[in-house]
Amino acid sequence: MKNRTLFILGMIFIVGCILFGGFLGIYIIGEETGGYMAIPMIVGTLLGVLITWLITKWSKRRNGNVPNFDERSIILMKRYLMIVLYVLLIGSGATLLILYSMGVYFIETGMLIVCLMTFYFIIGVGAFITKRL
Amino acid sequence: MKVINHIRDIRLEKGITQVKMAEDLQITRQTVNAIEKNKYNPSLELALKLIEYFNVPIEELFYLEKEENL
């Protein structure tokens, strides 16, 4: 029961963050240009939750009462996140130095947002693969 | 020195599947597989659970691989 409550609270938090981020994005780019994005964003988020819930149910029916995470998954995830931390720290530092030496003195914030979004996506996919190992 | 285990043999002897074992011990099937292939050493807590689950003495389940120069 405790795990179920934690799962529901976690899902509410994640969905809240997705919606908040989406609305923040719409607010930043402006109501006129981004206004039409609100409905696809909400529908997409809800569809995502529904698909995740259906996959969880299917997985439970297929594998029985086997947990998704255990001590080994946590150890693997710790190692993965440690590698990600150092790759990001050293990699971004090196990239900045290379860019500066190449004569790039200014970076557009929009480009940084796109860069971070790519990082989040790659880290997320990596975490998913690590969990499956 | 590497830790070797006989979990696979004992499990098969008792006719238990990996999924059933994972369900009973509340671990993932991948962990069962990794332990059986000696790729992962379980924590002391899980090792004690395994001993209790199979009802065998610890030395029958886990032992240290003997090095030739010892």
# chains A, B, ... in the order shown; residues from 1 in each chain; ligands from 1
$ interface_residues --of "chain A" --to "chain B" --cutoff "10 Å" --atoms "only C-alpha atoms" --output "number ranges by chain"
A: 63-73, 131-133
$ atom_distance --atom1 "CA of Phe23 (chain A)" --atom2 "CA of Ala38 (chain A)"
7.2 Å
$ closest_atom_pairs --of "region 10-91 of chain A" --to "region 96-112 of chain A" --cutoff "12 Å" --atoms "only C-alpha atoms" --output "CSV"
residue,atom,partner,partner_atom,distance
A:Gly25,CA,A:Gly110,CA,11.4
A:Ile28,CA,A:Gly110,CA,11.1
A:Ile29,CA,A:Gly110,CA,10.8
A:Leu88,CA,A:Leu96,CA,11.7
A:Leu89,CA,A:Leu96,CA,10.9
A:Ile90,CA,A:Leu96,CA,10.0
A:Gly91,CA,A:Leu96,CA,8.6
$ select_by_dssp --residues "chain B" --states "strand (DSSP E or B)" --output "VMD selection string"
chain B and resid 3 to 5 62 to 64
$ residues_around --residues "Val15 (chain A)" --least-positions-apart "4" --cutoff "12 Å" --atoms "only C-alpha atoms" --output "short mmCIF file (atom, residue, chain, number, x, y, z; two decimals) with C-alpha atoms, in the first residue's frame"
data_model
loop_
_atom_site.label_atom_id
_atom_site.label_comp_id
_atom_site.auth_asym_id
_atom_site.auth_seq_id
_atom_site.Cartn_x
_atom_site.Cartn_y
_atom_site.Cartn_z
CA ILE A 8 0.62 7.74 -7.26
CA LEU A 9 2.30 10.72 -5.56
CA GLY A 10 5.30 10.35 -7.88
CA MET A 11 3.07 10.26 -10.95
CA LEU A 19 2.20 20.60 -17.24
CA PHE A 20 3.95 23.39 -15.36
CA GLY A 21 6.90 23.24 -17.77
CA GLY A 22 4.54 23.22 -20.76
CA MET A 41 0.23 19.37 -24.49
CA ILE A 42 -2.48 18.42 -21.99
CA VAL A 43 -3.83 15.61 -24.20
CA GLY A 44 -0.27 14.33 -24.82
CA THR A 45 0.54 14.30 -21.11
CA LEU A 46 -2.68 12.46 -20.24
CA LEU A 47 -2.10 9.97 -23.08
CA GLY A 48 1.43 9.42 -21.80
CA VAL A 49 0.13 8.68 -18.29
CA LEU A 50 -2.52 6.33 -19.71
CA THR A 52 2.43 4.13 -18.85
#
$ select_by_dssp --residues "chain B" --states "helix (DSSP H, G or I)" --output "PyMOL selection string"
chain B and resi 7-14+18-25+29-36+44-54+58-61
$ atom_distance --atom1 "CA of Val84 (chain A)" --atom2 "CA of Cys115 (chain A)"
15.2 Å
$ residues_around --residues "region 1-18 of chain B" --least-positions-apart "5" --cutoff "8 Å" --atoms "only C-alpha atoms" --output "compact mmCIF listing (two decimals) with N, CA and C atoms, in the first residue's frame"
# COMPACT_ATOMS: atom_id res chain seq x y z
N ARG B 29 13.77 -10.38 -12.07
CA ARG B 29 14.24 -11.61 -12.71
C ARG B 29 15.67 -11.44 -13.22
N VAL B 32 18.04 -12.23 -10.43
CA VAL B 32 18.17 -13.68 -10.23
C VAL B 32 19.16 -14.23 -11.25
N ASN B 33 18.99 -13.82 -12.49
CA ASN B 33 19.87 -14.28 -13.58
C ASN B 33 21.32 -13.86 -13.33
N ILE B 35 22.78 -13.12 -10.48
CA ILE B 35 23.35 -13.85 -9.33
C ILE B 35 23.74 -15.26 -9.77
N GLU B 36 22.84 -15.91 -10.50
CA GLU B 36 23.11 -17.30 -10.93
C GLU B 36 24.33 -17.39 -11.85
N ASN B 38 26.90 -15.58 -11.58
CA ASN B 38 28.01 -15.04 -10.79
C ASN B 38 28.48 -13.66 -11.28
N ASN B 41 27.10 -10.12 -6.88
CA ASN B 41 27.08 -10.70 -5.54
C ASN B 41 25.96 -10.06 -4.73
N PHE B 54 15.97 -21.27 0.48
CA PHE B 54 16.32 -22.62 0.03
C PHE B 54 16.54 -23.60 1.18
N GLU B 60 26.91 -24.18 1.45
CA GLU B 60 26.39 -24.95 0.32
C GLU B 60 25.93 -24.01 -0.81
N LEU B 61 25.58 -22.80 -0.40
CA LEU B 61 25.06 -21.83 -1.38
C LEU B 61 26.17 -20.95 -1.96
N PHE B 62 27.06 -20.46 -1.09
CA PHE B 62 28.14 -19.58 -1.55
C PHE B 62 29.49 -20.11 -1.08
N TYR B 63 30.49 -19.98 -1.93
CA TYR B 63 31.86 -20.26 -1.49
C TYR B 63 32.85 -19.44 -2.30
N LEU B 64 34.04 -19.27 -1.74
CA LEU B 64 35.06 -18.48 -2.44
C LEU B 64 35.83 -19.37 -3.40
N GLU B 65 36.05 -18.84 -4.59
CA GLU B 65 36.81 -19.60 -5.58
C GLU B 65 38.26 -19.68 -5.10
N LYS B 66 38.79 -20.89 -5.05
CA LYS B 66 40.16 -21.06 -4.54
C LYS B 66 41.17 -20.71 -5.64
N GLU B 67 42.15 -19.86 -5.25
CA GLU B 67 43.20 -19.52 -6.20
C GLU B 67 44.27 -20.59 -6.17
